[in-house]
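Listing of input_4.txt; format and content: compact mmCIF, C-alpha atoms (C1' of nucleotides).
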```txt
# COMPACT_ATOMS: atom_id res chain seq x y z
CA MET D 268 142.91 101.86 93.98
CA ALA D 269 142.78 98.23 92.94
CA ARG D 270 139.44 97.02 91.68
CA THR D 271 137.71 94.73 94.16
CA GLN D 272 136.86 91.33 92.83
CA GLY D 273 133.40 91.24 91.28
CA SER D 274 132.74 94.90 92.03
CA HIS D 275 129.69 96.48 90.42
CA SER D 276 128.88 99.10 93.04
CA ALA D 277 128.35 101.98 90.65
CA HIS D 278 125.44 100.09 89.12
CA THR D 279 124.20 98.05 92.03
CA GLY D 280 123.27 100.88 94.40
CA PRO D 281 120.62 102.47 92.18
CA LYS D 282 119.45 99.05 91.03
CA VAL D 283 118.65 98.04 94.59
CA ARG D 284 116.57 101.14 94.98
CA THR D 285 114.60 100.77 91.78
CA ALA D 286 114.10 97.04 92.27
CA ALA D 287 112.74 97.62 95.76
CA GLU D 288 110.53 100.41 94.46
CA ARG D 289 109.03 98.25 91.74
CA LEU D 290 108.46 95.30 94.05
CA PHE D 291 107.05 97.35 96.95
CA ALA D 292 104.67 99.12 94.57
CA ARG D 293 103.47 95.88 93.04
CA HIS D 294 103.20 93.58 96.05
CA GLY D 295 103.44 95.82 99.08
CA TYR D 296 106.31 96.32 101.49
CA ALA D 297 105.37 93.56 103.92
CA ALA D 298 104.86 90.99 101.17
CA VAL D 299 108.27 91.52 99.56
CA SER D 300 111.34 89.72 100.88
CA MET D 301 114.94 90.85 100.75
CA ARG D 302 115.59 87.68 98.74
CA GLN D 303 113.13 88.79 96.08
CA ILE D 304 114.79 92.19 95.87
CA ALA D 305 118.20 90.55 95.54
CA ALA D 306 116.91 88.29 92.75
CA GLU D 307 115.49 91.31 90.89
CA VAL D 308 118.85 93.09 91.18
CA GLY D 309 120.78 89.99 90.22
CA VAL D 310 122.84 89.56 93.39
CA GLN D 311 122.65 87.41 96.50
CA VAL D 312 120.90 88.61 99.66
CA GLY D 313 124.02 89.45 101.61
CA ALA D 314 125.10 92.00 99.02
CA LEU D 315 122.03 94.15 99.66
CA TYR D 316 123.26 95.09 103.09
CA VAL D 317 126.15 97.01 101.58
CA TYR D 318 123.57 99.52 100.30
CA THR D 319 121.03 99.59 103.07
CA PRO D 320 121.28 98.87 106.79
CA ASP D 321 117.90 97.13 106.71
CA LYS D 322 114.60 96.77 104.90
CA GLN D 323 112.90 99.56 106.82
CA SER D 324 115.51 102.10 105.67
CA LEU D 325 114.93 101.06 102.09
CA LEU D 326 111.28 102.03 102.44
CA PHE D 327 111.92 105.20 104.39
CA GLU D 328 114.59 106.52 102.03
CA MET D 329 112.47 106.01 98.95
CA MET D 330 109.48 107.76 100.50
CA LYS D 331 111.59 110.59 101.82
CA SER D 332 113.38 111.29 98.56
CA HIS D 333 110.12 111.06 96.64
CA LEU D 334 108.45 113.66 98.84
CA GLU D 335 111.49 115.90 98.87
CA GLY D 336 111.61 115.77 95.07
CA LEU D 337 107.91 116.51 94.91
CA ILE D 338 108.23 119.55 97.15
CA ALA D 339 111.30 120.83 95.34
CA ALA D 340 109.46 120.62 92.03
CA LEU D 341 106.42 122.64 93.15
CA PRO D 342 105.67 125.33 90.57
CA GLN D 343 106.87 128.71 91.83
CA VAL D 344 104.48 130.73 89.75
CA SER D 345 103.75 134.29 90.72
CA GLY D 346 100.52 136.08 90.01
CA GLU D 347 96.87 135.54 90.79
CA PRO D 348 95.80 132.69 93.09
CA LEU D 349 93.68 131.15 90.36
CA LYS D 350 96.66 130.99 88.01
CA ARG D 351 98.73 129.43 90.75
CA LEU D 352 95.99 126.90 91.49
CA GLU D 353 95.96 125.93 87.83
CA ALA D 354 99.73 125.54 87.82
CA PHE D 355 99.57 123.41 90.96
CA THR D 356 96.81 121.19 89.58
CA ARG D 357 98.55 120.54 86.26
CA PHE D 358 101.85 119.98 88.05
CA HIS D 359 100.36 117.50 90.51
CA VAL D 360 98.68 115.46 87.79
CA ARG D 361 101.80 115.32 85.60
CA TYR D 362 104.26 114.64 88.38
CA HIS D 363 102.14 111.82 89.77
CA LEU D 364 101.36 110.21 86.43
CA ASP D 365 105.08 110.20 85.65
CA ARG D 366 106.00 108.41 88.89
CA PRO D 367 103.29 105.87 89.67
CA GLU D 368 105.50 103.64 91.80
CA PRO D 369 106.85 106.03 94.45
CA VAL D 370 103.45 107.73 94.52
CA PHE D 371 101.70 104.48 95.24
CA ILE D 372 104.23 103.58 97.93
CA ALA D 373 104.02 107.00 99.58
CA TYR D 374 100.26 106.61 99.97
CA MET D 375 100.05 102.92 100.82
CA GLU D 376 102.99 102.13 103.02
CA LEU D 377 102.71 104.77 105.73
CA ARG D 378 101.74 102.20 108.30
CA ASN D 379 104.86 100.17 107.65
CA LEU D 380 107.10 103.01 108.76
CA ASN D 381 108.35 102.95 112.32
CA ALA D 382 107.25 105.82 114.54
CA GLU D 383 110.30 107.99 114.01
CA ASN D 384 110.32 107.63 110.23
CA PHE D 385 106.58 108.15 110.08
CA SER D 386 106.79 111.56 111.69
CA VAL D 387 109.42 112.69 109.18
CA ILE D 388 107.25 111.61 106.26
CA GLU D 389 104.15 113.17 107.73
CA ALA D 390 105.96 116.48 108.13
CA LEU D 391 106.93 116.43 104.45
CA ARG D 392 103.40 115.61 103.43
CA GLY D 393 102.14 118.47 105.56
CA LYS D 394 104.54 120.84 103.84
CA TYR D 395 103.19 119.84 100.45
CA GLU D 396 99.59 120.27 101.57
CA ALA D 397 100.38 123.67 103.08
CA PHE D 398 101.46 124.89 99.65
CA LEU D 399 98.04 124.22 98.20
CA GLU D 400 96.19 125.47 101.26
CA THR D 401 97.99 128.80 101.05
CA ILE D 402 96.85 129.25 97.46
CA LEU D 403 93.26 128.54 98.46
CA ARG D 404 93.37 130.95 101.40
CA GLN D 405 94.80 133.71 99.26
CA GLY D 406 92.24 133.03 96.57
CA VAL D 407 89.46 133.44 99.11
CA GLU D 408 91.02 136.62 100.52
CA ALA D 409 91.33 138.07 97.04
CA GLY D 410 87.71 137.21 96.37
CA ASP D 411 88.63 134.96 93.43
CA MET D 412 87.58 131.76 95.11
CA SER D 413 84.82 130.55 97.36
CA VAL D 414 85.95 127.79 99.68
CA GLU D 415 84.13 126.84 102.85
CA ASP D 416 87.07 125.22 104.62
CA SER D 417 90.52 125.58 103.10
CA LYS D 418 92.02 122.61 104.95
CA VAL D 419 89.26 120.25 103.89
CA ALA D 420 89.30 121.57 100.33
CA THR D 421 93.05 120.98 100.22
CA LEU D 422 92.67 117.35 101.23
CA ALA D 423 89.74 116.86 98.89
CA ILE D 424 91.61 118.22 95.90
CA ILE D 425 94.73 116.17 96.61
CA ALA D 426 92.72 112.98 97.13
CA MET D 427 90.83 113.56 93.91
CA LEU D 428 93.95 114.27 91.87
CA THR D 429 96.06 111.50 93.31
CA GLY D 430 93.25 109.04 92.67
CA ILE D 431 93.98 109.34 88.96
CA THR D 432 97.00 107.10 89.38
CA THR D 433 94.79 104.18 90.37
CA TRP D 434 93.02 103.99 87.03
CA PHE D 435 95.00 105.91 84.40
CA ARG D 436 96.62 103.85 81.65
CA ASP D 437 98.68 105.25 78.81
CA ASP D 438 96.89 102.99 76.35
CA GLY D 439 93.49 103.93 77.73
CA ARG D 440 90.64 106.03 76.40
CA LEU D 441 92.09 109.39 77.46
CA THR D 442 95.47 111.06 76.97
CA ARG D 443 97.37 112.65 79.84
CA ALA D 444 96.58 116.07 78.42
CA GLU D 445 92.87 115.32 78.32
CA VAL D 446 92.89 114.03 81.87
CA GLU D 447 94.77 117.11 83.03
CA GLU D 448 92.18 119.30 81.36
CA ILE D 449 89.20 117.49 82.84
CA TYR D 450 90.62 117.63 86.34
CA TRP D 451 91.58 121.26 86.13
CA ASP D 452 88.04 121.97 85.10
CA MET D 453 86.68 120.08 88.12
CA VAL D 454 89.10 121.78 90.53
CA ARG D 455 88.22 125.20 89.14
CA ARG D 456 84.55 124.56 89.74
CA MET D 457 85.17 123.14 93.19
CA VAL D 458 86.73 126.37 94.38
CA GLY D 459 83.85 128.34 92.99
CA ALA D 460 85.80 130.13 90.28
CA MET T 299 72.80 68.16 121.43
CA ALA T 300 75.51 67.75 124.06
CA ARG T 301 77.75 70.72 124.59
CA THR T 302 81.26 70.14 123.26
CA GLN T 303 84.01 70.63 125.76
CA GLY T 304 85.22 74.21 125.81
CA SER T 305 82.79 75.25 123.08
CA HIS T 306 82.41 78.96 122.39
CA SER T 307 81.54 78.83 118.72
CA ALA T 308 78.63 81.19 118.87
CA HIS T 309 80.99 83.92 119.98
CA THR T 310 84.23 82.89 118.35
CA GLY T 311 83.09 83.02 114.72
CA PRO T 312 82.29 86.74 114.67
CA LYS T 313 85.24 87.52 116.90
CA VAL T 314 87.65 86.01 114.37
CA ARG T 315 86.19 88.21 111.71
CA THR T 316 86.31 91.44 113.67
CA ALA T 317 89.77 90.72 115.06
CA ALA T 318 91.09 90.10 111.56
CA GLU T 319 89.38 93.25 110.32
CA ARG T 320 90.90 95.40 113.01
CA LEU T 321 94.39 93.96 112.55
CA PHE T 322 94.34 94.02 108.74
CA ALA T 323 93.17 97.63 108.81
CA ARG T 324 95.85 98.67 111.24
CA HIS T 325 98.88 96.77 110.01
CA GLY T 326 97.98 95.48 106.58
CA TYR T 327 97.07 91.97 105.49
CA ALA T 328 100.60 90.81 104.72
CA ALA T 329 101.99 92.11 108.00
CA VAL T 330 99.45 90.31 110.18
CA SER T 331 99.97 86.69 111.21
CA MET T 332 97.37 84.08 112.03
CA ARG T 333 99.03 83.90 115.44
CA GLN T 334 98.29 87.58 116.04
CA ILE T 335 94.66 87.11 115.04
CA ALA T 336 94.36 84.14 117.39
CA ALA T 337 95.86 86.16 120.23
CA GLU T 338 93.40 88.99 119.60
CA VAL T 339 90.49 86.54 119.66
CA GLY T 340 91.82 84.77 122.71
CA VAL T 341 92.29 81.29 121.24
CA GLN T 342 95.18 79.24 119.89
CA VAL T 343 96.06 79.30 116.21
CA GLY T 344 94.62 75.91 115.36
CA ALA T 345 91.15 77.01 116.43
CA LEU T 346 90.99 79.69 113.70
CA TYR T 347 90.84 77.05 111.01
CA VAL T 348 87.44 75.97 112.21
CA TYR T 349 86.12 79.32 110.96
CA THR T 350 88.16 79.93 107.84
CA PRO T 351 89.91 77.55 105.44
CA ASP T 352 92.86 79.94 105.21
CA LYS T 353 94.06 83.52 105.61
CA GLN T 354 93.19 84.52 102.04
CA SER T 355 89.53 83.58 102.54
CA LEU T 356 89.43 85.73 105.64
CA LEU T 357 90.44 88.75 103.54
CA PHE T 358 88.20 87.91 100.61
CA GLU T 359 85.09 87.31 102.70
CA MET T 360 85.45 90.55 104.59
CA MET T 361 85.91 92.57 101.41
CA LYS T 362 83.07 90.81 99.66
CA SER T 363 80.56 91.24 102.44
CA HIS T 364 81.57 94.88 102.91
CA LEU T 365 80.97 95.68 99.25
CA GLU T 366 77.74 93.70 99.12
CA GLY T 367 76.50 95.59 102.17
CA LEU T 368 77.52 98.87 100.60
CA ILE T 369 75.65 98.14 97.38
CA ALA T 370 72.58 96.88 99.20
CA ALA T 371 72.45 100.08 101.24
CA LEU T 372 72.59 102.45 98.25
CA PRO T 373 69.83 105.06 98.59
CA GLN T 374 66.97 104.22 96.27
CA VAL T 375 65.69 107.75 95.97
CA SER T 376 63.44 108.68 93.08
CA GLY T 377 63.22 112.13 91.60
CA GLU T 378 65.61 114.57 90.03
CA PRO T 379 69.22 113.55 89.35
CA LEU T 380 70.53 116.36 91.56
CA LYS T 381 68.45 115.11 94.48
CA ARG T 382 69.75 111.61 93.89
CA LEU T 383 73.33 112.86 93.69
CA GLU T 384 72.88 114.58 97.02
CA ALA T 385 71.45 111.42 98.56
CA PHE T 386 74.35 109.39 97.18
CA THR T 387 76.97 111.84 98.44
CA ARG T 388 75.55 112.00 101.95
CA PHE T 389 75.12 108.25 102.02
CA HIS T 390 78.68 107.59 100.87
CA VAL T 391 80.18 109.89 103.48
CA ARG T 392 78.11 108.48 106.33
CA TYR T 393 78.50 104.84 105.39
CA HIS T 394 82.26 105.17 105.05
CA LEU T 395 82.78 107.18 108.22
CA ASP T 396 80.81 104.54 110.11
CA ARG T 397 82.98 101.68 108.85
CA PRO T 398 86.57 102.90 108.61
CA GLU T 399 88.12 99.46 108.89
CA PRO T 400 86.45 97.50 106.09
CA VAL T 401 86.63 100.63 103.93
CA PHE T 402 90.35 100.91 104.43
CA ILE T 403 90.85 97.23 103.71
CA ALA T 404 88.70 97.31 100.58
CA TYR T 405 90.88 100.10 99.16
CA MET T 406 94.29 98.96 100.34
CA GLU T 407 94.34 95.21 100.07
CA LEU T 408 93.26 94.60 96.50
CA ARG T 409 96.69 93.41 95.50
CA ASN T 410 96.68 90.75 98.18
CA LEU T 411 93.70 89.00 96.64
CA ASN T 412 94.38 86.08 94.37
CA ALA T 413 93.30 86.46 90.75
CA GLU T 414 89.95 84.77 91.12
CA ASN T 415 88.93 86.69 94.23
CA PHE T 416 90.19 89.94 92.75
CA SER T 417 87.85 89.73 89.79
CA VAL T 418 84.86 89.17 92.09
CA ILE T 419 85.73 92.24 94.15
CA GLU T 420 86.41 94.36 91.08
CA ALA T 421 83.00 93.46 89.69
CA LEU T 422 81.33 94.60 92.89
CA ARG T 423 83.28 97.84 92.88
CA GLY T 424 82.24 98.42 89.28
CA LYS T 425 78.62 97.93 90.22
CA TYR T 426 78.88 100.59 92.92
CA GLU T 427 80.57 103.05 90.56
CA ALA T 428 77.95 102.42 87.89
CA PHE T 429 75.27 103.61 90.29
CA LEU T 430 76.89 107.03 90.58
CA GLU T 431 77.77 107.24 86.92
CA THR T 432 74.15 106.65 85.96
CA ILE T 433 73.07 109.58 88.12
CA LEU T 434 75.63 111.84 86.47
CA ARG T 435 74.62 110.77 82.96
CA GLN T 436 70.98 111.39 83.67
CA GLY T 437 71.78 114.73 85.23
CA VAL T 438 73.59 115.76 82.08
CA GLU T 439 70.77 114.52 79.86
CA ALA T 440 68.23 116.42 81.92
CA GLY T 441 70.36 119.54 81.64
CA ASP T 442 70.77 119.79 85.42
CA MET T 443 74.47 118.99 85.41
CA SER T 444 77.50 119.80 83.35
CA VAL T 445 80.03 116.98 83.37
CA GLU T 446 82.75 116.60 80.76
CA ASP T 447 83.33 112.89 81.26
CA SER T 448 80.94 110.94 83.44
CA LYS T 449 83.32 108.04 84.07
CA VAL T 450 86.15 110.30 85.17
CA ALA T 451 83.82 112.43 87.27
CA THR T 452 82.54 109.28 88.97
CA LEU T 453 86.04 108.19 89.94
CA ALA T 454 86.99 111.70 91.01
CA ILE T 455 83.97 112.06 93.28
CA ILE T 456 84.45 108.65 94.88
CA ALA T 457 88.17 109.26 95.45
CA MET T 458 87.46 112.64 96.98
CA LEU T 459 84.73 111.35 99.29
CA THR T 460 86.54 108.19 100.34
CA GLY T 461 89.62 110.23 101.15
CA ILE T 462 87.75 111.65 104.13
CA THR T 463 88.34 108.42 106.01
CA THR T 464 92.10 109.01 106.00
CA TRP T 465 91.90 112.16 108.11
CA PHE T 466 88.52 112.39 109.83
CA ARG T 467 88.51 111.96 113.62
CA ASP T 468 85.45 112.12 115.82
CA ASP T 469 87.28 114.31 118.28
CA GLY T 470 88.54 116.61 115.52
CA ARG T 471 87.67 120.14 114.50
CA LEU T 472 84.61 119.22 112.43
CA THR T 473 81.53 117.11 113.11
CA ARG T 474 80.35 114.45 110.69
CA ALA T 475 77.42 116.63 109.74
CA GLU T 476 79.70 119.55 108.93
CA VAL T 477 81.97 117.36 106.84
CA GLU T 478 78.98 115.96 104.98
CA GLU T 479 77.80 119.47 104.24
CA ILE T 480 81.16 120.72 103.00
CA TYR T 481 81.62 117.74 100.70
CA TRP T 482 78.11 117.93 99.28
CA ASP T 483 78.81 121.56 98.49
CA MET T 484 82.02 120.63 96.65
CA VAL T 485 80.36 117.80 94.73
CA ARG T 486 77.49 120.06 93.73
CA ARG T 487 79.89 122.58 92.31
CA MET T 488 81.97 119.93 90.59
CA VAL T 489 79.03 118.79 88.51
CA GLY T 490 78.25 122.35 87.58
CA ALA T 491 74.96 122.59 89.44
C1' DG C 256 85.45 73.53 119.60
C1' DT C 257 89.75 74.05 121.40
C1' DC C 258 94.22 72.67 122.72
C1' DT C 259 99.18 71.20 122.19
C1' DA C 260 102.60 69.75 119.28
C1' DT C 261 104.63 69.79 115.13
C1' DA C 262 105.85 69.91 110.04
C1' DC C 263 108.06 72.63 107.00
C1' DG C 264 108.96 76.75 104.50
C1' DT C 265 110.58 81.35 104.55
C1' DG C 266 111.59 85.66 106.85
C1' DG C 267 115.61 89.39 108.09
C1' DA C 268 120.07 89.70 109.03
C1' DT C 269 125.16 88.39 109.80
C1' DA C 270 130.00 86.01 109.39
C1' DG C 271 133.73 84.96 106.95
C1' DA C 272 135.82 83.40 102.52
C1' DC C 273 137.26 85.19 98.05
C1' DG X 154 131.63 94.18 96.55
C1' DT X 155 129.85 89.82 96.35
C1' DC X 156 129.20 85.10 97.57
C1' DT X 157 128.02 80.99 100.37
C1' DA X 158 126.58 79.31 104.55
C1' DT X 159 124.16 79.81 108.51
C1' DC X 160 121.49 81.59 112.70
C1' DC X 161 117.18 81.69 114.58
C1' DA X 162 112.63 83.67 114.75
C1' DC X 163 108.39 83.40 112.74
C1' DG X 164 105.14 82.27 108.97
C1' DT X 165 100.82 79.04 107.48
C1' DA X 166 98.70 75.05 108.12
C1' DT X 167 97.63 70.29 109.95
C1' DA X 168 97.14 66.06 113.24
C1' DG X 169 95.49 64.09 117.02
C1' DA X 170 94.31 64.37 122.03
C1' DC X 171 90.70 66.04 125.11
```
Would you mind giving the structure from this file in structure tokens?
Amino acid sequence: MARTQGSHSAHTGPKVRTAAERLFARHGYAAVSMRQIAAEVGVQVGALYVYTPDKQSLLFEMMKSHLEGLIAALPQVSGEPLKRLEAFTRFHVRYHLDRPEPVFIAYMELRNLNAENFSVIEALRGKYEAFLETILRQGVEAGDMSVEDSKVATLAIIAMLTGITTWFRDDGRLTRAEVEEIYWDMVRRMVGA
Amino acid sequence: MARTQGSHSAHTGPKVRTAAERLFARHGYAAVSMRQIAAEVGVQVGALYVYTPDKQSLLFEMMKSHLEGLIAALPQVSGEPLKRLEAFTRFHVRYHLDRPEPVFIAYMELRNLNAENFSVIEALRGKYEAFLETILRQGVEAGDMSVEDSKVATLAIIAMLTGITTWFRDDGRLTRAEVEEIYWDMVRRMVGA
DNA sequence: GTCTATACGTGGATAGAC
DNA sequence: GTCTATCCACGTATAGAC
């Protein structure tokens, strides 16, 4: 097939996505214009609409694929609940510290999704939370953990762990490994182990 | 003094503030227009500028007064660190559950502040965090608590407690008192008491 | 203090040329 | 696939009448 004049599609598609991700994370979805995204990619506005039907889809797709990737990467460790809780905790910290931009967007831009897209994202989030809640329930059943309310504990642990992304800096006082250790220690205590 | 034609200033001032607060909390600062705020208040756009020089000041003032109120309300309990930690925890939960809108704004809209305003807000936030960190340090010194890193533990506790506002509903499964109890229990364990 | 009218920039999105 | 040009709605903010 003859090459279309000025074609760069193989590169441009992913670039649109990453440019939007960086800009949404930094300035917020509502504050970023399609023109800014185009400038970041190095094309004119019109070209963006080859890769996305509209701005809303750009946001939805990046949140959806982030959450799907997160769920797919959940550690499928077998064994005692406490071991699985440790694996989950270390996984969550690492995965989130490695992807600050989609993480930030997934937590900040929920209200900029339309109703239909919102329910899809909420379902994915619920699936992720259910994974942790199951561990906590089984830990309590097995007598390894002491948790008053497994749903609340789930949300508390996730909020605590995700909060790391708001202050952690690679050139800061603590290494990722140290942070991971400190948080695992706090989670372990929280569940009464 | 003669009454100005159509004057409603005594009511309009506060209404602008609360309307902006409600709209910013629901849709985000960048997504809300001055026209929407005016409609919510029940005036025309031009009238808003009697009460604020611009949209940015509206955001800054509401964040500033929220944080100043929060700091002023901190529980000045004397006694053992553990007692003071409990007072802080219960205070934080109650104060935040009572003011979901300014709380949400103060955590979500930091990036929409200009540089100068941002540094003012960050300083206030630091002051609030320092209050908790001092309690933890003193608890460790007194041998009542076991905390690996007081700064990290401070941020973890605040993230965990503030996260409640994202899911708590008054018509939900748990009462405020129950939530307060569950979280105090988790905090207590986290600090190794 | 509030209104109407308006200036002027920028927003998302599309059409048609190359 | 990309560009230029354009549509038209909506954004913040101000001026001047009442």
Query raised in the report: Quick one: residues within 8 Å of Leu341 in chain D, only C-alpha atoms (C1' of nucleotides) counted, chain neighbours fewer than 3 positions away excluded, as a VMD selection string?
Result: chain D and resid 337 to 338 355 358
Export of the given selection (C-alpha atoms) as a CSV table (one decimal), in the frame of the given file:
```csv
chain,number,residue,atom,x,y,z
D,337,LEU,CA,107.9,116.5,94.9
D,338,ILE,CA,108.2,119.6,97.2
D,355,PHE,CA,99.6,123.4,91.0
D,358,PHE,CA,101.8,120.0,88.0
```
Requested in this report: Compile the residues of chain C that lie within 12 Å of chain D, evaluated using all atoms listed in the file, and express the compilation as a ChimeraX atom specification.
Outcome: /C:265-271,273
Report summary line: Atom pair CA of Thr432 in chain D + CA of Val370 in chain D, distance 8.3 Å
Report task. Return as an NGL selection string the residues belonging to chain X that are within 10 Å of chain T, counting only C-alpha atoms (C1' of nucleotides). Result -> :X and (163-167 or 171)
Requested in this report: Can you check which residues of chain D have any atom within 6 Å of chain T? Use all atoms listed in the file and format it as a PyMOL selection string.
Outcome: chain D and resi 297-298+423+426-427+430+453+456-457
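As for CA of Asp468 in chain T and CA of Ile403 in chain T, they are spaced 19.9 Å apart.
Between CA of Leu365 in chain T and CA of Leu411 in chain T lies a distance of 14.6 Å.
The neighbours of Pro373 in chain T here are the residues that come within 12 Å of it, using all atoms listed in the file and leaving out any residue fewer than 3 positions away in the same chain; they are Leu368, Ile369, Ala370, Ser376, Gly377, Lys381, Arg382, Leu383, Glu384, Ala385, Phe386, Thr387, Arg388, Phe389, His390, Arg392, Tyr393, Tyr426, Phe429, Leu430 and Ile433 of chain T.
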**Report entry** For Phe416 in chain T: contacts at 12 Å, all atoms listed in the file, fewer than 6 positions along chain excluded, given as a ChimeraX atom specification
**Finding:** /T:354-355,357-359,361-362,404,407-410,422-423
Would you output that residue set with C-alpha atoms, as a PDB file, in the frame of the given file?
```pdb
ATOM      1  CA  GLN T 354      93.190  84.520 102.040  1.00  0.00           C
ATOM      2  CA  SER T 355      89.530  83.580 102.540  1.00  0.00           C
ATOM      3  CA  LEU T 357      90.440  88.750 103.540  1.00  0.00           C
ATOM      4  CA  PHE T 358      88.200  87.910 100.610  1.00  0.00           C
ATOM      5  CA  GLU T 359      85.090  87.310 102.700  1.00  0.00           C
ATOM      6  CA  MET T 361      85.910  92.570 101.410  1.00  0.00           C
ATOM      7  CA  LYS T 362      83.070  90.810  99.660  1.00  0.00           C
ATOM      8  CA  ALA T 404      88.700  97.310 100.580  1.00  0.00           C
ATOM      9  CA  GLU T 407      94.340  95.210 100.070  1.00  0.00           C
ATOM     10  CA  LEU T 408      93.260  94.600  96.500  1.00  0.00           C
ATOM     11  CA  ARG T 409      96.690  93.410  95.500  1.00  0.00           C
ATOM     12  CA  ASN T 410      96.680  90.750  98.180  1.00  0.00           C
ATOM     13  CA  LEU T 422      81.330  94.600  92.890  1.00  0.00           C
ATOM     14  CA  ARG T 423      83.280  97.840  92.880  1.00  0.00           C
TER      15      ARG T 423
END
```
Query - Residues near Gln405 in chain D, cut-off 9 Å, only C-alpha atoms (C1' of nucleotides), skip fewer than 5 positions along chain, as a PyMOL selection string - result: chain D and resi 347-348+400+410-412
Would you give the centre and edge lengths, in Å to one decimal, of a box along x, y and z around the listed atoms of range 438-453 of chain T, with 4 Å added to each side, as lines of an AutoDock Vina configuration file?
```
center_x = 77.2
center_y = 113.9
center_z = 84.9
size_x = 25.9
size_y = 19.8
size_z = 18.1
```
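With only C-alpha atoms (C1' of nucleotides) as the basis for measurement, T:Val341 is the residue among T:Val341, T:Glu439, T:Leu380, T:Val348 that approaches DC258 in chain C most closely.
Proximity to DG256 in chain C was assessed for T:Leu395, T:Ala317, T:Ala475, T:Ala345 counting all atoms listed in the file; the smallest distance is recorded for T:Ala345.
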Report task. Identify, on the basis of all atoms listed in the file, every residue whose closest approach to His309 in chain T does not exceed 12 Å; exclude the query and any residue fewer than 4 positions from it along the same chain; express the result as a PyMOL selection string. Result -> (chain T and resi 305+313-316+339-341+349) or (chain C and resi 256)
